[in-house]
$ cat model13.cif   # mmCIF, C-alpha atoms; chains and numbers go by the auth columns
data_input
#
loop_
_atom_site.group_PDB
_atom_site.id
_atom_site.type_symbol
_atom_site.label_atom_id
_atom_site.label_comp_id
_atom_site.label_asym_id
_atom_site.label_seq_id
_atom_site.Cartn_x
_atom_site.Cartn_y
_atom_site.Cartn_z
_atom_site.B_iso_or_equiv
_atom_site.auth_seq_id
_atom_site.auth_asym_id
ATOM 1 C CA MET A 1 102.942 52.197 29.237 0.00 1 A
ATOM 2 C CA THR A 2 105.184 52.228 26.272 0.00 2 A
ATOM 3 C CA ARG A 3 108.551 50.705 25.978 0.00 3 A
ATOM 4 C CA ARG A 4 110.132 54.150 26.018 0.00 4 A
ATOM 5 C CA HIS A 5 108.489 54.962 29.352 0.00 5 A
ATOM 6 C CA TRP A 6 109.743 51.694 30.844 0.00 6 A
ATOM 7 C CA LEU A 7 113.227 52.454 29.704 0.00 7 A
ATOM 8 C CA ILE A 8 113.147 55.941 31.259 0.00 8 A
ATOM 9 C CA ALA A 9 111.800 54.513 34.542 0.00 9 A
ATOM 10 C CA VAL A 10 114.532 51.884 34.733 0.00 10 A
ATOM 11 C CA VAL A 11 117.271 54.443 33.971 0.00 11 A
ATOM 12 C CA VAL A 12 115.943 56.855 36.643 0.00 12 A
ATOM 13 C CA LEU A 13 115.682 54.054 39.194 0.00 13 A
ATOM 14 C CA GLY A 14 119.190 52.889 38.395 0.00 14 A
ATOM 15 C CA LEU A 15 120.563 56.421 38.796 0.00 15 A
ATOM 16 C CA GLU A 16 118.817 56.769 42.170 0.00 16 A
ATOM 17 C CA VAL A 17 120.313 53.500 43.420 0.00 17 A
ATOM 18 C CA LEU A 18 123.755 54.539 42.203 0.00 18 A
ATOM 19 C CA PHE A 19 123.374 57.940 43.881 0.00 19 A
ATOM 20 C CA VAL A 20 122.411 56.336 47.198 0.00 20 A
ATOM 21 C CA LEU A 21 125.311 53.895 47.056 0.00 21 A
ATOM 22 C CA LEU A 22 127.963 56.444 46.113 0.00 22 A
ATOM 23 C CA VAL A 23 126.883 59.642 47.822 0.00 23 A
ATOM 24 C CA ARG A 24 124.866 58.666 50.891 0.00 24 A
ATOM 25 C CA THR A 25 127.020 55.830 52.185 0.00 25 A
ATOM 26 C CA PRO A 26 128.118 56.617 55.760 0.00 26 A
ATOM 27 C CA PRO A 27 131.845 56.867 56.247 0.00 27 A
ATOM 28 C CA ALA A 28 133.588 53.828 57.587 0.00 28 A
ATOM 29 C CA MET A 29 134.309 54.055 61.301 0.00 29 A
ATOM 30 C CA ASN A 30 137.630 52.803 62.520 0.00 30 A
ATOM 31 C CA VAL A 31 137.072 52.218 66.215 0.00 31 A
ATOM 32 C CA ASN A 32 139.705 50.484 68.194 0.00 32 A
ATOM 33 C CA ARG A 33 137.583 48.680 70.767 0.00 33 A
ATOM 34 C CA SER A 34 140.476 48.027 73.130 0.00 34 A
ATOM 35 C CA ASP A 35 141.163 51.795 73.502 0.00 35 A
ATOM 36 C CA ALA A 36 137.503 52.594 74.070 0.00 36 A
ATOM 37 C CA ALA A 37 137.204 50.020 76.856 0.00 37 A
ATOM 38 C CA ASP A 38 140.226 51.477 78.703 0.00 38 A
ATOM 39 C CA GLU A 39 138.827 55.049 78.702 0.00 39 A
ATOM 40 C CA TRP A 40 135.338 54.250 79.927 0.00 40 A
ATOM 41 C CA HIS A 41 134.434 55.088 83.518 0.00 41 A
ATOM 42 C CA ALA A 42 131.175 54.763 85.404 0.00 42 A
ATOM 43 C CA PRO A 43 129.473 58.117 85.923 0.00 43 A
ATOM 44 C CA ARG A 44 129.774 59.675 89.360 0.00 44 A
ATOM 45 C CA SER A 45 126.703 59.281 91.519 0.00 45 A
ATOM 46 C CA PRO A 46 125.090 62.545 92.625 0.00 46 A
ATOM 47 C CA GLU A 47 125.825 63.828 96.101 0.00 47 A
ATOM 48 C CA ALA A 48 123.153 63.345 98.738 0.00 48 A
ATOM 49 C CA PHE A 49 120.722 66.268 99.002 0.00 49 A
ATOM 50 C CA ASP A 50 121.001 68.154 102.297 0.00 50 A
ATOM 51 C CA ALA A 51 117.568 69.722 102.883 0.00 51 A
ATOM 52 C CA SER A 52 118.562 71.536 106.093 0.00 52 A
ATOM 53 C CA ALA A 53 121.441 73.303 104.350 0.00 53 A
ATOM 54 C CA ALA A 54 119.151 74.292 101.488 0.00 54 A
ATOM 55 C CA LEU A 55 116.505 75.641 103.871 0.00 55 A
ATOM 56 C CA SER A 56 119.013 77.684 105.869 0.00 56 A
ATOM 57 C CA LEU A 57 120.449 79.087 102.649 0.00 57 A
ATOM 58 C CA LEU A 58 116.943 79.978 101.499 0.00 58 A
ATOM 59 C CA ALA A 59 116.107 81.635 104.841 0.00 59 A
ATOM 60 C CA GLU A 60 119.243 83.771 104.604 0.00 60 A
ATOM 61 C CA SER A 61 118.401 84.795 101.050 0.00 61 A
ATOM 62 C CA PRO A 62 117.475 88.464 100.563 0.00 62 A
ATOM 63 C CA VAL A 63 114.549 87.409 98.379 0.00 63 A
ATOM 64 C CA TRP A 64 112.424 87.117 101.537 0.00 64 A
ATOM 65 C CA GLY A 65 113.269 90.612 102.757 0.00 65 A
ATOM 66 C CA ASP A 66 114.271 91.587 106.266 0.00 66 A
ATOM 67 C CA GLN A 67 113.329 88.682 108.534 0.00 67 A
ATOM 68 C CA THR A 68 113.845 90.662 111.757 0.00 68 A
ATOM 69 C CA ALA A 69 110.924 92.936 110.906 0.00 69 A
ATOM 70 C CA ALA A 70 108.557 89.958 110.722 0.00 70 A
ATOM 71 C CA VAL A 71 109.564 88.756 114.189 0.00 71 A
ATOM 72 C CA GLU A 72 109.006 92.055 115.945 0.00 72 A
ATOM 73 C CA GLU A 73 105.798 92.537 117.912 0.00 73 A
ATOM 74 C CA PRO A 74 103.317 95.037 116.512 0.00 74 A
ATOM 75 C CA PRO A 75 103.192 98.265 118.458 0.00 75 A
ATOM 76 C CA ALA A 76 100.847 97.954 121.419 0.00 76 A
ATOM 77 C CA GLY A 77 97.870 100.286 121.575 0.00 77 A
ATOM 78 C CA PRO A 78 96.801 102.000 124.747 0.00 78 A
ATOM 79 C CA ALA A 79 95.918 99.758 127.674 0.00 79 A
ATOM 80 C CA TRP A 80 92.135 99.861 128.032 0.00 80 A
ATOM 81 C CA ARG A 81 89.300 97.764 129.373 0.00 81 A
ATOM 82 C CA LEU A 82 85.543 97.588 129.166 0.00 82 A
ATOM 83 C CA ILE A 83 84.299 98.453 132.672 0.00 83 A
ATOM 84 C CA GLY A 84 80.545 98.584 132.075 0.00 84 A
ATOM 85 C CA VAL A 85 77.633 98.714 129.660 0.00 85 A
ATOM 86 C CA SER A 86 74.249 100.425 129.737 0.00 86 A
ATOM 87 C CA THR A 87 71.494 98.824 127.691 0.00 87 A
ATOM 88 C CA GLY A 88 68.457 100.482 129.311 0.00 88 A
ATOM 89 C CA GLY A 89 66.753 103.483 127.794 0.00 89 A
ATOM 90 C CA GLU A 90 67.023 104.768 124.253 0.00 90 A
ATOM 91 C CA HIS A 91 70.801 104.585 123.841 0.00 91 A
ATOM 92 C CA LYS A 92 73.136 101.690 124.514 0.00 92 A
ATOM 93 C CA THR A 93 76.545 102.785 125.800 0.00 93 A
ATOM 94 C CA ALA A 94 79.825 101.141 126.733 0.00 94 A
ATOM 95 C CA LEU A 95 82.084 102.523 129.479 0.00 95 A
ATOM 96 C CA VAL A 96 85.736 102.187 128.539 0.00 96 A
ATOM 97 C CA SER A 97 88.624 102.910 130.874 0.00 97 A
ATOM 98 C CA VAL A 98 91.864 103.943 129.152 0.00 98 A
ATOM 99 C CA GLU A 99 95.028 103.960 131.220 0.00 99 A
ATOM 100 C CA GLY A 100 95.825 107.493 132.333 0.00 100 A
ATOM 101 C CA GLU A 101 92.614 109.042 130.931 0.00 101 A
ATOM 102 C CA ALA A 102 89.067 109.686 132.054 0.00 102 A
ATOM 103 C CA VAL A 103 86.397 107.017 131.464 0.00 103 A
ATOM 104 C CA GLN A 104 84.971 107.224 127.941 0.00 104 A
ATOM 105 C CA THR A 105 81.327 106.653 127.038 0.00 105 A
ATOM 106 C CA LEU A 106 81.062 105.053 123.603 0.00 106 A
ATOM 107 C CA SER A 107 78.064 104.072 121.459 0.00 107 A
ATOM 108 C CA ILE A 108 77.457 101.562 118.647 0.00 108 A
ATOM 109 C CA GLY A 109 79.482 102.585 115.586 0.00 109 A
ATOM 110 C CA GLN A 110 82.231 104.350 117.545 0.00 110 A
ATOM 111 C CA GLU A 111 85.816 103.090 117.704 0.00 111 A
ATOM 112 C CA LEU A 112 87.516 101.521 120.694 0.00 112 A
ATOM 113 C CA PRO A 113 91.017 102.759 121.668 0.00 113 A
ATOM 114 C CA GLU A 114 92.724 100.026 119.545 0.00 114 A
ATOM 115 C CA GLY A 115 90.614 100.919 116.483 0.00 115 A
ATOM 116 C CA SER A 116 87.882 98.248 116.412 0.00 116 A
ATOM 117 C CA GLU A 117 84.341 99.487 115.816 0.00 117 A
ATOM 118 C CA ILE A 118 81.620 98.676 118.357 0.00 118 A
ATOM 119 C CA LEU A 119 79.042 96.660 116.393 0.00 119 A
ATOM 120 C CA ASP A 120 76.610 95.918 119.233 0.00 120 A
ATOM 121 C CA ILE A 121 76.257 96.556 122.960 0.00 121 A
ATOM 122 C CA ARG A 122 74.672 93.781 125.006 0.00 122 A
ATOM 123 C CA GLU A 123 73.956 93.294 128.711 0.00 123 A
ATOM 124 C CA ASP A 124 77.102 91.182 129.176 0.00 124 A
ATOM 125 C CA GLY A 125 79.550 93.035 126.906 0.00 125 A
ATOM 126 C CA ILE A 126 80.158 94.481 123.462 0.00 126 A
ATOM 127 C CA CYS A 127 80.440 92.806 120.062 0.00 127 A
ATOM 128 C CA ILE A 128 83.295 93.714 117.703 0.00 128 A
ATOM 129 C CA GLU A 129 84.921 92.127 114.650 0.00 129 A
ATOM 130 C CA ILE A 130 88.276 90.410 115.283 0.00 130 A
ATOM 131 C CA ASP A 131 90.046 88.772 112.307 0.00 131 A
ATOM 132 C CA GLY A 132 86.800 88.660 110.344 0.00 132 A
ATOM 133 C CA LYS A 133 84.837 86.989 113.178 0.00 133 A
ATOM 134 C CA LEU A 134 82.133 88.507 115.348 0.00 134 A
ATOM 135 C CA MET A 135 83.462 88.399 118.930 0.00 135 A
ATOM 136 C CA ARG A 136 82.102 89.532 122.318 0.00 136 A
ATOM 137 C CA LEU A 137 84.256 91.354 124.865 0.00 137 A
ATOM 138 C CA PRO A 138 82.723 90.752 128.278 0.00 138 A
ATOM 139 C CA VAL A 139 82.744 93.455 130.955 0.00 139 A
ATOM 140 C CA ASN A 140 86.009 93.448 133.005 0.00 140 A
ATOM 141 C CA ASP A 141 87.510 90.630 130.890 0.00 141 A
ATOM 142 C CA THR A 142 90.236 90.835 128.261 0.00 142 A
ATOM 143 C CA GLU A 143 89.539 87.514 126.508 0.00 143 A
ATOM 144 C CA PRO A 144 87.110 87.773 123.567 0.00 144 A
ATOM 145 C CA GLN A 145 84.434 85.104 123.169 0.00 145 A
ATOM 146 C CA ALA A 146 82.059 84.158 120.383 0.00 146 A
ATOM 147 C CA CYS A 147 79.328 86.798 120.096 0.00 147 A
ATOM 148 C CA GLY A 148 76.542 84.250 119.754 0.00 148 A
ATOM 149 C CA ASP A 149 73.346 85.151 117.947 0.00 149 A
ATOM 150 C CA PRO A 150 73.451 87.707 115.105 0.00 150 A
ATOM 151 C CA ILE A 151 73.303 91.427 115.772 0.00 151 A
ATOM 152 C CA GLN A 152 69.792 92.826 115.544 0.00 152 A
#
$ encode --input "model13.cif" --output "structure tokens"
Amino acid sequence: MTRRHWLIAVVVLGLEVLFVLLVRTPPAMNVNRSDAADEWHAPRSPEAFDASAALSLLAESPVWGDQTAAVEEPPAGPAWRLIGVSTGGEHKTALVSVEGEAVQTLSIGQELPEGSEILDIREDGICIEIDGKLMRLPVNDTEPQACGDPIQ
């Protein structure tokens, strides 16, 4: 490097230092520490969270829709009961008694009064699907039971 280059480098460096000192110096802060100490207060602590109030407010919110409709019972279908089955011969049939009507004779694939389809007719009852599960309705009983072995 030549002497001229050194001279230019020193001048540029000196100008940069002067610029930083004159232009970029932060302003002096006059803080009266005694005034600042008098104005300071501890932050307020948050109030305790009341979960029961929040839940009741959420339950009353219209975002969930009409809550009374969810509580109501679904409309009841006709009162009916399985009174007998016939598994002999070529056709299997189920005898269903519907309140106020004549006895119905139903076959596999037909619908019961509440809308379920008869999937199988066995000696001890009929098999239908209830909530995605294969269930057996015994003769003269209203409580469904597991259907057991698969339908053939």
$ closest_residue --input "model13.cif" --among "A:Pro43, A:Pro144, A:Gly109, A:Gly84" --to "Asp124 in chain A" --atoms "all atoms listed in the file"
A:Gly84
$ resolve_selection --input "model13.cif" --expression "the PyMOL selection byres ((chain A and resi 97) around 9)" --output "mmCIF file with C-alpha atoms, in the coordinates of the input"
data_model
loop_
_atom_site.group_PDB
_atom_site.id
_atom_site.type_symbol
_atom_site.label_atom_id
_atom_site.label_comp_id
_atom_site.auth_asym_id
_atom_site.auth_seq_id
_atom_site.Cartn_x
_atom_site.Cartn_y
_atom_site.Cartn_z
ATOM 1 C CA ALA A 79 95.918 99.758 127.674
ATOM 2 C CA TRP A 80 92.135 99.861 128.032
ATOM 3 C CA ARG A 81 89.300 97.764 129.373
ATOM 4 C CA LEU A 82 85.543 97.588 129.166
ATOM 5 C CA ILE A 83 84.299 98.453 132.672
ATOM 6 C CA LEU A 95 82.084 102.523 129.479
ATOM 7 C CA VAL A 96 85.736 102.187 128.539
ATOM 8 C CA VAL A 98 91.864 103.943 129.152
ATOM 9 C CA GLU A 99 95.028 103.960 131.220
ATOM 10 C CA GLY A 100 95.825 107.493 132.333
ATOM 11 C CA GLU A 101 92.614 109.042 130.931
ATOM 12 C CA ALA A 102 89.067 109.686 132.054
ATOM 13 C CA VAL A 103 86.397 107.017 131.464
ATOM 14 C CA GLN A 104 84.971 107.224 127.941
#
$ resolve_selection --input "model13.cif" --expression "the PyMOL selection byres ((chain A and resi 129) around 12)" --output "list in words"
Gly109, Glu111, Leu112, Gly115, Ser116, Glu117, Ile118, Leu119, Asp120, Ile126, Cys127, Ile128, Ile130, Asp131, Gly132, Lys133, Leu134, Met135, Arg136, Leu137, Pro144, Gln145, Ala146, Cys147 and Ile151 of chain A
$ closest_residue --input "model13.cif" --among "A:Ser107, A:Ile121, A:His5, A:Ser56" --to "Thr87 in chain A" --atoms "all atoms listed in the file"
A:Ile121
$ atom_distance --input "model13.cif" --atom1 "CA of Thr105 in chain A" --atom2 "CA of Pro138 in chain A"
16.0 Å
$ atom_distance --input "model13.cif" --atom1 "CA of Gly88 in chain A" --atom2 "CA of Glu114 in chain A"
26.2 Å
$ atom_distance --input "model13.cif" --atom1 "CA of Val85 in chain A" --atom2 "CA of Gly125 in chain A"
6.6 Å
$ axis_aligned_box --input "model13.cif" --around "range 134-148 of chain A" --padding-each-side "3 Å" --output "AutoDock Vina command-line options"
--center_x 83.4 --center_y 88.8 --center_z 124.2 --size_x 19.7 --size_y 15.3 --size_z 23.7
